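First up is the structure itself, then whatever we jot down about it.
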Amino acid sequence: MFKLIGLIICVASIAVVADAQGGVGMYLDIPALVLLFGITLAGMIVGYGKQSIYYFKLAGKDKIPSKDLLPALNFFNYISRLTFYSSICAFFISSIVILINISELTMLGPAIAMTLLNIIYGLIFSFIIIQPIKHSILLNRLKADAEATASTQGK
Amino acid sequence: MNKLIGYLFFILTFAAVLMLNDYASFLIDLYSLLLIFGLVFGVMFLSYGTFAFSAFKYISQPVTSQKEFFLAVSFFDHLSNTAIIAGILGTLLAQLALLSNMETLPELFPATGISLISFIYGYLVSKFIFEPLKQNVIRNAKIGNINGLIQLHIDQNNSLPNGFVLMGFAAVIGNFVLLFSSFGSM
């Protein structure tokens, strides 16, 4: 329940600020999203293959095996880094496209603004989706440890 | 008590600077504050759920095991990193809005100044609220020695936001160099 509230707070605060600065529609760019998710997904499959599904399933479990904690943290750190790399790639790709095609200098500002979207998406994806999943895995594992310790002390 | 005095000093210093120089009119931006605190608390609940409330106990209560240490330091690191990233995000959102609507060069300077406010807020919240709290956890810790692997993970968590911050600023500065040079040639 609290996690849902957290998600709503995050989305609402971004939406309010985006709306105040000229509308949410200005911040939507499908090609940038495709590039970000495509590169991240590809990197995930290359790096971890089928195991990546297992690590995402772990996020929903209350009891995480002790041996899986550090590999899972590594996995989510890797995904976070991948979003960072894909943001850089997408930023440079859109910069190159814009600089090659620009014909009028007054259009440069709005065109550059579109390149910034790639970085914004990377930041949001990494810090509002991937990092919270990673930290909830860490919390669940340590909670399970604390419960186990308490039960052995009770005996 | 020490914490209270310290935070009072922070607040008084900033209040004095704002009042003495009459900066308050342009250094206070409610939307930036909303974004920083909204994202920090939102991500905190999203990551830690109800545990977020009890994690603050480690500020005064010493951690006694490696696992508690890992959790407490990760918690405050996570909040600190989120505050900086929220600041960068606010700056980029404002930059995007200003670049999309800009028509002349003189409009660029005040709008850029305003866009940087959220970065300052994020940085202040991160370095003057969450970093001291993390240092409290480290100072109070009653553990023999920290596991190398745990330390490595804590370091890894920190290197990522630094990369994002650098990337955000490189993008912003690069764009301005490009814009200034293009306006100069017009």
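By convention here, the chains of the structure tokens are called A, B, ... in the order presented, each chain's residues are numbered starting at 1, and ligands are numbered starting at 1 in the order presented.
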
Restrict the calculation to only C-alpha atoms, then for each residue of chain A with any atom at most 8 Å from an atom of chain B give the closest atom pair and their distance in Å to one decimal, rows by chain and rising residue number, as JSON lines.
{"residue": "A:Met1", "atom": "CA", "partner": "B:Gly49", "partner_atom": "CA", "distance": 7.8}
{"residue": "A:Phe2", "atom": "CA", "partner": "B:Gly49", "partner_atom": "CA", "distance": 5.0}
{"residue": "A:Lys3", "atom": "CA", "partner": "B:Leu46", "partner_atom": "CA", "distance": 4.1}
{"residue": "A:Leu4", "atom": "CA", "partner": "B:Leu46", "partner_atom": "CA", "distance": 6.9}
{"residue": "A:Ile5", "atom": "CA", "partner": "B:Phe45", "partner_atom": "CA", "distance": 7.2}
{"residue": "A:Gly6", "atom": "CA", "partner": "B:Gly42", "partner_atom": "CA", "distance": 3.9}
{"residue": "A:Leu7", "atom": "CA", "partner": "B:Leu46", "partner_atom": "CA", "distance": 5.9}
{"residue": "A:Ile8", "atom": "CA", "partner": "B:Gly42", "partner_atom": "CA", "distance": 7.4}
{"residue": "A:Ile9", "atom": "CA", "partner": "B:Gly42", "partner_atom": "CA", "distance": 5.0}
{"residue": "A:Cys10", "atom": "CA", "partner": "B:Gly42", "partner_atom": "CA", "distance": 4.9}
{"residue": "A:Ser13", "atom": "CA", "partner": "B:Leu35", "partner_atom": "CA", "distance": 5.3}
{"residue": "A:Ile14", "atom": "CA", "partner": "B:Leu35", "partner_atom": "CA", "distance": 6.4}
{"residue": "A:Val17", "atom": "CA", "partner": "B:Tyr31", "partner_atom": "CA", "distance": 6.0}
{"residue": "A:Ala18", "atom": "CA", "partner": "B:Leu93", "partner_atom": "CA", "distance": 6.9}
{"residue": "A:Gln21", "atom": "CA", "partner": "B:Ala97", "partner_atom": "CA", "distance": 6.0}
{"residue": "A:Gly22", "atom": "CA", "partner": "B:Ala97", "partner_atom": "CA", "distance": 6.6}
{"residue": "A:Met26", "atom": "CA", "partner": "B:Ala97", "partner_atom": "CA", "distance": 7.9}
{"residue": "A:Asn77", "atom": "CA", "partner": "B:Asn157", "partner_atom": "CA", "distance": 7.3}
{"residue": "A:Ser80", "atom": "CA", "partner": "B:Leu160", "partner_atom": "CA", "distance": 7.7}
{"residue": "A:Arg81", "atom": "CA", "partner": "B:Leu160", "partner_atom": "CA", "distance": 6.8}
{"residue": "A:Phe84", "atom": "CA", "partner": "B:Phe164", "partner_atom": "CA", "distance": 6.8}
{"residue": "A:Ile88", "atom": "CA", "partner": "B:Met167", "partner_atom": "CA", "distance": 7.7}
{"residue": "A:Leu105", "atom": "CA", "partner": "B:Ser182", "partner_atom": "CA", "distance": 6.6}
{"residue": "A:Thr106", "atom": "CA", "partner": "B:Glu103", "partner_atom": "CA", "distance": 7.0}
{"residue": "A:Leu108", "atom": "CA", "partner": "B:Leu179", "partner_atom": "CA", "distance": 7.2}
{"residue": "A:Gly109", "atom": "CA", "partner": "B:Leu99", "partner_atom": "CA", "distance": 4.7}
{"residue": "A:Pro110", "atom": "CA", "partner": "B:Ser100", "partner_atom": "CA", "distance": 4.0}
{"residue": "A:Ala111", "atom": "CA", "partner": "B:Ser100", "partner_atom": "CA", "distance": 7.6}
{"residue": "A:Ile112", "atom": "CA", "partner": "B:Asn175", "partner_atom": "CA", "distance": 6.8}
{"residue": "A:Ala113", "atom": "CA", "partner": "B:Leu96", "partner_atom": "CA", "distance": 4.7}
{"residue": "A:Met114", "atom": "CA", "partner": "B:Leu96", "partner_atom": "CA", "distance": 7.3}
{"residue": "A:Leu116", "atom": "CA", "partner": "B:Leu96", "partner_atom": "CA", "distance": 6.6}
{"residue": "A:Leu117", "atom": "CA", "partner": "B:Leu96", "partner_atom": "CA", "distance": 7.6}
{"residue": "A:Ile119", "atom": "CA", "partner": "B:Gly168", "partner_atom": "CA", "distance": 7.0}
{"residue": "A:Ile120", "atom": "CA", "partner": "B:Leu89", "partner_atom": "CA", "distance": 6.3}
{"residue": "A:Leu123", "atom": "CA", "partner": "B:Leu89", "partner_atom": "CA", "distance": 7.2}
{"residue": "A:Phe127", "atom": "CA", "partner": "B:Thr82", "partner_atom": "CA", "distance": 6.9}
{"residue": "A:Ile128", "atom": "CA", "partner": "B:Val43", "partner_atom": "CA", "distance": 6.3}
{"residue": "A:Gln131", "atom": "CA", "partner": "B:Ser47", "partner_atom": "CA", "distance": 7.7}
{"residue": "A:Pro132", "atom": "CA", "partner": "B:Ser47", "partner_atom": "CA", "distance": 4.1}
{"residue": "A:Ile133", "atom": "CA", "partner": "B:Ser47", "partner_atom": "CA", "distance": 6.5}
{"residue": "A:Lys134", "atom": "CA", "partner": "B:Ser47", "partner_atom": "CA", "distance": 7.8}
{"residue": "A:His135", "atom": "CA", "partner": "B:Ser47", "partner_atom": "CA", "distance": 5.5}
{"residue": "A:Ser136", "atom": "CA", "partner": "B:Ser47", "partner_atom": "CA", "distance": 5.1}
{"residue": "A:Leu138", "atom": "CA", "partner": "B:Leu71", "partner_atom": "CA", "distance": 7.4}
{"residue": "A:Leu139", "atom": "CA", "partner": "B:Tyr48", "partner_atom": "CA", "distance": 6.8}
{"residue": "A:Leu142", "atom": "CA", "partner": "B:Lys67", "partner_atom": "CA", "distance": 6.7}

Quiz item: Rounded to one decimal in Å, what is the spacing between CA of Ile137 in chain A and CA of Leu58 in chain A?
Solution: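 Distance between the two atoms: 7.3 Å.
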
Self-check item: Length of the CA of Glu131 in chain B to CA of Phe56 in chain B vector [Å]
Solution: 13.0 Å
